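Please read the structure below before turning to the comments.
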Amino acid sequence: MFQTLRYILYSSFLLISFFSFSDTTYYKCVTEKGTTFSQLPCDEEATTYKVNTTGNQYSGPKVDYTKQLNELERERLLSGLQAELRSNNHKLTILDRNKQRAEYKQQERLNHILAVDDKKRITKDITEKLKMINKEYKKDVSAIDKQIKILEKKIAKYQ
């Protein structure tokens with residue numbers, strides 16, 4: 001009888017909770033396996049809890065984050081472009097060092113030759129090689145300078 005009364009009480013409680021839009025009932029049961037929460041009572045010792053809600057739903061302020069995201073994207077692009085610009089400047093420095101090293105080797109080659117006839121012949125060869133070194137250097141520098149100008153324009157656009 002006590003079981004039947006309890007069952008009727010729980011079922012009526014359940015029906016009331018279904019028709020009530022402002023609050024929700026849930027049950028807490030402690031078993032050997034642990035604590036469980038359910039919409040239905042799991043045993044006789046289930047504890048009933050109610051969650052009351054209001055008709056007005058509150059939310060935080062409506063913030064448009066697109067400006068902040070656009071600013072972050074702009075900063076990321078700008079830092080990437082600046083890193084690429086630094087890289088190209090380092091490439092120019094390396095090209096300059098390699099050119100100076102090649103010119104120095106050619107000059108050293110000229111200084112080691114003792115015979116006058118050989119010196120004239122080697123001087124002509126060294127002059128041709130120096131022209132090739134300078135031509136290659138100018139070509140590489142102009143390519144990197146073009147990249148630097150493009151990067152500087154992009155950086156100026158983002159700033």
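By convention here, the chains of the structure tokens are called A, B, ... in the order presented, each chain's residues are numbered starting at 1, and ligands are numbered starting at 1 in the order presented.
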
List the spatial neighbours of A:Ala46 as a count of residues only - criterion: any atom at most 6 Å away, only C-alpha atoms, same-chain residues fewer than 4 positions off excluded. 4

Report as a PDB file with all heavy atoms, in the first residue's frame all protein, DNA and RNA residues lying within 12 Å of A:Glu103, evaluated on only C-alpha atoms, omitting residues in the same chain fewer than 3 positions from it.
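And here is the file that came out, around_35.pdb:
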ATOM      1  N   ASP A  96      75.589  39.443 -50.678  1.00  0.00           N
ATOM      2  CA  ASP A  96      76.700  40.401 -50.663  1.00  0.00           C
ATOM      3  C   ASP A  96      77.970  39.737 -50.130  1.00  0.00           C
ATOM      4  O   ASP A  96      79.053  39.912 -50.693  1.00  0.00           O
ATOM      5  CB  ASP A  96      76.323  41.623 -49.825  1.00  0.00           C
ATOM      6  CG  ASP A  96      77.331  42.732 -49.955  1.00  0.00           C
ATOM      7  OD1 ASP A  96      77.763  43.011 -51.098  1.00  0.00           O
ATOM      8  OD2 ASP A  96      77.701  43.324 -48.915  1.00  0.00           O
ATOM      9  N   ARG A  97      77.862  38.973 -49.074  1.00  0.00           N
ATOM     10  CA  ARG A  97      79.027  38.268 -48.520  1.00  0.00           C
ATOM     11  C   ARG A  97      79.598  37.267 -49.522  1.00  0.00           C
ATOM     12  O   ARG A  97      80.824  37.178 -49.689  1.00  0.00           O
ATOM     13  CB  ARG A  97      78.640  37.531 -47.240  1.00  0.00           C
ATOM     14  CG  ARG A  97      78.433  38.424 -46.062  1.00  0.00           C
ATOM     15  CD  ARG A  97      78.095  37.611 -44.845  1.00  0.00           C
ATOM     16  NE  ARG A  97      77.607  38.467 -43.780  1.00  0.00           N
ATOM     17  CZ  ARG A  97      76.891  38.043 -42.762  1.00  0.00           C
ATOM     18  NH1 ARG A  97      76.579  36.767 -42.663  1.00  0.00           N
ATOM     19  NH2 ARG A  97      76.492  38.878 -41.837  1.00  0.00           N
ATOM     20  N   ASN A  98      78.703  36.516 -50.177  1.00  0.00           N
ATOM     21  CA  ASN A  98      79.177  35.533 -51.156  1.00  0.00           C
ATOM     22  C   ASN A  98      79.886  36.216 -52.326  1.00  0.00           C
ATOM     23  O   ASN A  98      80.899  35.713 -52.820  1.00  0.00           O
ATOM     24  CB  ASN A  98      78.012  34.683 -51.662  1.00  0.00           C
ATOM     25  CG  ASN A  98      77.497  33.730 -50.611  1.00  0.00           C
ATOM     26  OD1 ASN A  98      78.194  33.426 -49.650  1.00  0.00           O
ATOM     27  ND2 ASN A  98      76.278  33.268 -50.781  1.00  0.00           N
ATOM     28  N   LYS A  99      79.358  37.342 -52.765  1.00  0.00           N
ATOM     29  CA  LYS A  99      79.988  38.099 -53.859  1.00  0.00           C
ATOM     30  C   LYS A  99      81.378  38.576 -53.434  1.00  0.00           C
ATOM     31  O   LYS A  99      82.346  38.430 -54.175  1.00  0.00           O
ATOM     32  CB  LYS A  99      79.116  39.288 -54.245  1.00  0.00           C
ATOM     33  CG  LYS A  99      79.744  40.169 -55.316  1.00  0.00           C
ATOM     34  CD  LYS A  99      78.885  41.396 -55.556  1.00  0.00           C
ATOM     35  CE  LYS A  99      79.599  42.353 -56.434  1.00  0.00           C
ATOM     36  NZ  LYS A  99      79.970  43.578 -55.812  1.00  0.00           N
ATOM     37  N   GLN A 100      81.463  39.140 -52.245  1.00  0.00           N
ATOM     38  CA  GLN A 100      82.762  39.627 -51.769  1.00  0.00           C
ATOM     39  C   GLN A 100      83.755  38.481 -51.624  1.00  0.00           C
ATOM     40  O   GLN A 100      84.941  38.621 -51.953  1.00  0.00           O
ATOM     41  CB  GLN A 100      82.588  40.355 -50.437  1.00  0.00           C
ATOM     42  CG  GLN A 100      81.876  41.685 -50.571  1.00  0.00           C
ATOM     43  CD  GLN A 100      81.599  42.330 -49.219  1.00  0.00           C
ATOM     44  OE1 GLN A 100      81.942  41.784 -48.179  1.00  0.00           O
ATOM     45  NE2 GLN A 100      80.984  43.510 -49.255  1.00  0.00           N
ATOM     46  N   GLN A 106      89.155  35.426 -56.407  1.00  0.00           N
ATOM     47  CA  GLN A 106      89.691  35.724 -57.734  1.00  0.00           C
ATOM     48  C   GLN A 106      90.913  36.639 -57.630  1.00  0.00           C
ATOM     49  O   GLN A 106      91.896  36.447 -58.346  1.00  0.00           O
ATOM     50  CB  GLN A 106      88.608  36.358 -58.615  1.00  0.00           C
ATOM     51  CG  GLN A 106      87.464  35.424 -58.951  1.00  0.00           C
ATOM     52  CD  GLN A 106      87.904  34.163 -59.652  1.00  0.00           C
ATOM     53  OE1 GLN A 106      88.755  34.188 -60.549  1.00  0.00           O
ATOM     54  NE2 GLN A 106      87.347  33.038 -59.235  1.00  0.00           N
ATOM     55  N   GLN A 107      90.854  37.607 -56.737  1.00  0.00           N
ATOM     56  CA  GLN A 107      92.008  38.496 -56.549  1.00  0.00           C
ATOM     57  C   GLN A 107      93.200  37.728 -55.979  1.00  0.00           C
ATOM     58  O   GLN A 107      94.340  37.964 -56.378  1.00  0.00           O
ATOM     59  CB  GLN A 107      91.641  39.673 -55.625  1.00  0.00           C
ATOM     60  CG  GLN A 107      90.654  40.643 -56.213  1.00  0.00           C
ATOM     61  CD  GLN A 107      91.202  41.360 -57.435  1.00  0.00           C
ATOM     62  OE1 GLN A 107      92.406  41.550 -57.589  1.00  0.00           O
ATOM     63  NE2 GLN A 107      90.289  41.743 -58.327  1.00  0.00           N
ATOM     64  N   GLU A 108      92.960  36.822 -55.064  1.00  0.00           N
ATOM     65  CA  GLU A 108      94.032  35.997 -54.502  1.00  0.00           C
ATOM     66  C   GLU A 108      94.645  35.100 -55.571  1.00  0.00           C
ATOM     67  O   GLU A 108      95.862  34.889 -55.598  1.00  0.00           O
ATOM     68  CB  GLU A 108      93.507  35.139 -53.341  1.00  0.00           C
ATOM     69  CG  GLU A 108      93.288  35.912 -52.077  1.00  0.00           C
ATOM     70  CD  GLU A 108      94.591  36.471 -51.525  1.00  0.00           C
ATOM     71  OE1 GLU A 108      95.574  35.714 -51.394  1.00  0.00           O
ATOM     72  OE2 GLU A 108      94.618  37.676 -51.228  1.00  0.00           O
ATOM     73  N   ARG A 109      93.821  34.592 -56.438  1.00  0.00           N
ATOM     74  CA  ARG A 109      94.313  33.762 -57.539  1.00  0.00           C
ATOM     75  C   ARG A 109      95.259  34.567 -58.431  1.00  0.00           C
ATOM     76  O   ARG A 109      96.298  34.071 -58.869  1.00  0.00           O
ATOM     77  CB  ARG A 109      93.103  33.270 -58.330  1.00  0.00           C
ATOM     78  CG  ARG A 109      93.413  32.311 -59.412  1.00  0.00           C
ATOM     79  CD  ARG A 109      92.129  31.785 -60.026  1.00  0.00           C
ATOM     80  NE  ARG A 109      92.391  31.349 -61.364  1.00  0.00           N
ATOM     81  CZ  ARG A 109      91.566  31.432 -62.367  1.00  0.00           C
ATOM     82  NH1 ARG A 109      90.369  31.941 -62.180  1.00  0.00           N
ATOM     83  NH2 ARG A 109      91.902  31.005 -63.561  1.00  0.00           N
ATOM     84  N   LEU A 110      94.907  35.816 -58.671  1.00  0.00           N
ATOM     85  CA  LEU A 110      95.739  36.683 -59.493  1.00  0.00           C
ATOM     86  C   LEU A 110      97.074  36.981 -58.811  1.00  0.00           C
ATOM     87  O   LEU A 110      98.126  36.991 -59.454  1.00  0.00           O
ATOM     88  CB  LEU A 110      94.993  37.991 -59.786  1.00  0.00           C
ATOM     89  CG  LEU A 110      95.700  39.016 -60.655  1.00  0.00           C
ATOM     90  CD1 LEU A 110      95.955  38.440 -62.048  1.00  0.00           C
ATOM     91  CD2 LEU A 110      94.902  40.284 -60.740  1.00  0.00           C
ATOM     92  N   ILE A 126      90.019  36.234 -65.005  1.00  0.00           N
ATOM     93  CA  ILE A 126      89.454  36.709 -63.736  1.00  0.00           C
ATOM     94  C   ILE A 126      88.463  37.841 -63.987  1.00  0.00           C
ATOM     95  O   ILE A 126      87.399  37.905 -63.369  1.00  0.00           O
ATOM     96  CB  ILE A 126      90.586  37.143 -62.772  1.00  0.00           C
ATOM     97  CG1 ILE A 126      91.326  35.907 -62.270  1.00  0.00           C
ATOM     98  CG2 ILE A 126      90.038  37.962 -61.610  1.00  0.00           C
ATOM     99  CD1 ILE A 126      92.535  36.211 -61.429  1.00  0.00           C
ATOM    100  N   THR A 127      88.787  38.730 -64.914  1.00  0.00           N
ATOM    101  CA  THR A 127      87.877  39.829 -65.245  1.00  0.00           C
ATOM    102  C   THR A 127      86.544  39.284 -65.761  1.00  0.00           C
ATOM    103  O   THR A 127      85.471  39.769 -65.380  1.00  0.00           O
ATOM    104  CB  THR A 127      88.526  40.754 -66.288  1.00  0.00           C
ATOM    105  OG1 THR A 127      89.800  41.187 -65.804  1.00  0.00           O
ATOM    106  CG2 THR A 127      87.657  41.953 -66.569  1.00  0.00           C
ATOM    107  N   GLU A 128      86.612  38.283 -66.606  1.00  0.00           N
ATOM    108  CA  GLU A 128      85.380  37.673 -67.121  1.00  0.00           C
ATOM    109  C   GLU A 128      84.581  37.020 -65.995  1.00  0.00           C
ATOM    110  O   GLU A 128      83.358  37.164 -65.921  1.00  0.00           O
ATOM    111  CB  GLU A 128      85.714  36.633 -68.195  1.00  0.00           C
ATOM    112  CG  GLU A 128      86.203  37.240 -69.497  1.00  0.00           C
ATOM    113  CD  GLU A 128      86.625  36.182 -70.504  1.00  0.00           C
ATOM    114  OE1 GLU A 128      86.333  34.980 -70.280  1.00  0.00           O
ATOM    115  OE2 GLU A 128      87.248  36.563 -71.504  1.00  0.00           O
ATOM    116  N   LYS A 129      85.267  36.327 -65.101  1.00  0.00           N
ATOM    117  CA  LYS A 129      84.567  35.682 -63.984  1.00  0.00           C
ATOM    118  C   LYS A 129      83.965  36.719 -63.039  1.00  0.00           C
ATOM    119  O   LYS A 129      82.868  36.526 -62.526  1.00  0.00           O
ATOM    120  CB  LYS A 129      85.508  34.746 -63.232  1.00  0.00           C
ATOM    121  CG  LYS A 129      85.794  33.491 -64.021  1.00  0.00           C
ATOM    122  CD  LYS A 129      86.453  32.442 -63.185  1.00  0.00           C
ATOM    123  CE  LYS A 129      86.641  31.202 -64.038  1.00  0.00           C
ATOM    124  NZ  LYS A 129      87.075  30.062 -63.319  1.00  0.00           N
ATOM    125  N   LEU A 130      84.684  37.830 -62.825  1.00  0.00           N
ATOM    126  CA  LEU A 130      84.140  38.888 -61.972  1.00  0.00           C
ATOM    127  C   LEU A 130      82.886  39.506 -62.594  1.00  0.00           C
ATOM    128  O   LEU A 130      81.935  39.847 -61.896  1.00  0.00           O
ATOM    129  CB  LEU A 130      85.195  39.969 -61.695  1.00  0.00           C
ATOM    130  CG  LEU A 130      86.306  39.586 -60.714  1.00  0.00           C
ATOM    131  CD1 LEU A 130      87.335  40.704 -60.632  1.00  0.00           C
ATOM    132  CD2 LEU A 130      85.738  39.296 -59.340  1.00  0.00           C
ATOM    133  N   LYS A 131      82.893  39.645 -63.930  1.00  0.00           N
ATOM    134  CA  LYS A 131      81.708  40.155 -64.617  1.00  0.00           C
ATOM    135  C   LYS A 131      80.539  39.198 -64.420  1.00  0.00           C
ATOM    136  O   LYS A 131      79.407  39.635 -64.172  1.00  0.00           O
ATOM    137  CB  LYS A 131      81.992  40.355 -66.112  1.00  0.00           C
ATOM    138  CG  LYS A 131      82.814  41.569 -66.435  1.00  0.00           C
ATOM    139  CD  LYS A 131      83.035  41.705 -67.936  1.00  0.00           C
ATOM    140  CE  LYS A 131      83.945  42.866 -68.268  1.00  0.00           C
ATOM    141  NZ  LYS A 131      84.180  42.975 -69.721  1.00  0.00           N
ATOM    142  N   MET A 132      80.803  37.899 -64.529  1.00  0.00           N
ATOM    143  CA  MET A 132      79.739  36.909 -64.319  1.00  0.00           C
ATOM    144  C   MET A 132      79.226  36.943 -62.880  1.00  0.00           C
ATOM    145  O   MET A 132      78.016  36.884 -62.631  1.00  0.00           O
ATOM    146  CB  MET A 132      80.243  35.498 -64.656  1.00  0.00           C
ATOM    147  CG  MET A 132      80.402  35.270 -66.154  1.00  0.00           C
ATOM    148  SD  MET A 132      81.057  33.651 -66.642  1.00  0.00           S
ATOM    149  CE  MET A 132      80.564  32.542 -65.388  1.00  0.00           C
ATOM    150  N   ILE A 133      80.149  37.094 -61.928  1.00  0.00           N
ATOM    151  CA  ILE A 133      79.758  37.172 -60.512  1.00  0.00           C
ATOM    152  C   ILE A 133      78.879  38.398 -60.285  1.00  0.00           C
ATOM    153  O   ILE A 133      77.828  38.328 -59.636  1.00  0.00           O
ATOM    154  CB  ILE A 133      81.012  37.207 -59.603  1.00  0.00           C
ATOM    155  CG1 ILE A 133      81.717  35.848 -59.613  1.00  0.00           C
ATOM    156  CG2 ILE A 133      80.653  37.615 -58.180  1.00  0.00           C
ATOM    157  CD1 ILE A 133      83.085  35.848 -58.953  1.00  0.00           C
ATOM    158  N   ASN A 134      79.308  39.552 -60.822  1.00  0.00           N
ATOM    159  CA  ASN A 134      78.525  40.785 -60.646  1.00  0.00           C
ATOM    160  C   ASN A 134      77.169  40.695 -61.333  1.00  0.00           C
ATOM    161  O   ASN A 134      76.163  41.196 -60.809  1.00  0.00           O
ATOM    162  CB  ASN A 134      79.309  41.995 -61.163  1.00  0.00           C
ATOM    163  CG  ASN A 134      80.414  42.410 -60.223  1.00  0.00           C
ATOM    164  OD1 ASN A 134      80.291  42.260 -59.013  1.00  0.00           O
ATOM    165  ND2 ASN A 134      81.510  42.908 -60.774  1.00  0.00           N
ATOM    166  N   TYR A 137      74.999  38.471 -59.232  1.00  0.00           N
ATOM    167  CA  TYR A 137      74.684  39.210 -58.010  1.00  0.00           C
ATOM    168  C   TYR A 137      73.589  40.245 -58.268  1.00  0.00           C
ATOM    169  O   TYR A 137      72.616  40.334 -57.524  1.00  0.00           O
ATOM    170  CB  TYR A 137      75.952  39.872 -57.461  1.00  0.00           C
ATOM    171  CG  TYR A 137      75.696  40.799 -56.298  1.00  0.00           C
ATOM    172  CD1 TYR A 137      75.448  40.303 -55.029  1.00  0.00           C
ATOM    173  CD2 TYR A 137      75.708  42.188 -56.462  1.00  0.00           C
ATOM    174  CE1 TYR A 137      75.223  41.148 -53.963  1.00  0.00           C
ATOM    175  CE2 TYR A 137      75.479  43.034 -55.407  1.00  0.00           C
ATOM    176  CZ  TYR A 137      75.240  42.509 -54.156  1.00  0.00           C
ATOM    177  OH  TYR A 137      75.008  43.353 -53.099  1.00  0.00           O
TER     178      TYR A 137
END

If I take atom CA of A:Ile122 and atom CA of A:Lys105, how far is one from the other in Å, to one decimal?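 About the pair atom CA of A:Ile122 and atom CA of A:Lys105: they are 13.0 Å apart.
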
If we count only C-alpha atoms and set the cut-off at 12 Å, which residues sit around A:Thr31, ignoring sequence neighbours fewer than 3 positions away in its own chain? Please answer as a ChimeraX atom specification. /A:28,34-37,42-46

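Reported to one decimal place, the separation of atom CA of A:Ser79 from atom CA of A:Gln147 is 16.1 Å.
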
Pairwise distance for atom CA of A:Lys157 and atom CA of A:Ser142, rounded to one decimal in Å: 22.6 Å

Between A:Ala156, A:Val30, A:Ile144, A:Val63, which has the minimum distance to A:Arg86 (counting only C-alpha atoms)?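 Going through A:Ala156, A:Val30, A:Ile144, A:Val63 one by one, the smallest distance to A:Arg86 is for A:Ile144.
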
Give the strand (DSSP E) residues of stretch 17-108 of chain A, as DSSP finds them on the backbone, and put them as a list in words. Asp23, Thr24, Thr25, Tyr26, Tyr27, Lys28, Cys29, Val30, Thr31, Gly34, Thr35, Thr36, Phe37, Ser38, Thr47, Thr48, Tyr49, Lys50, Val51 and Asn52 of chain A

Of the listed residues A:Glu32, A:Glu152, A:Asp145, A:Asp125, that which approaches A:Asn89 most closely, counting only C-alpha atoms: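 When distances to A:Asn89 are compared using only C-alpha atoms, the smallest one comes from A:Asp145.
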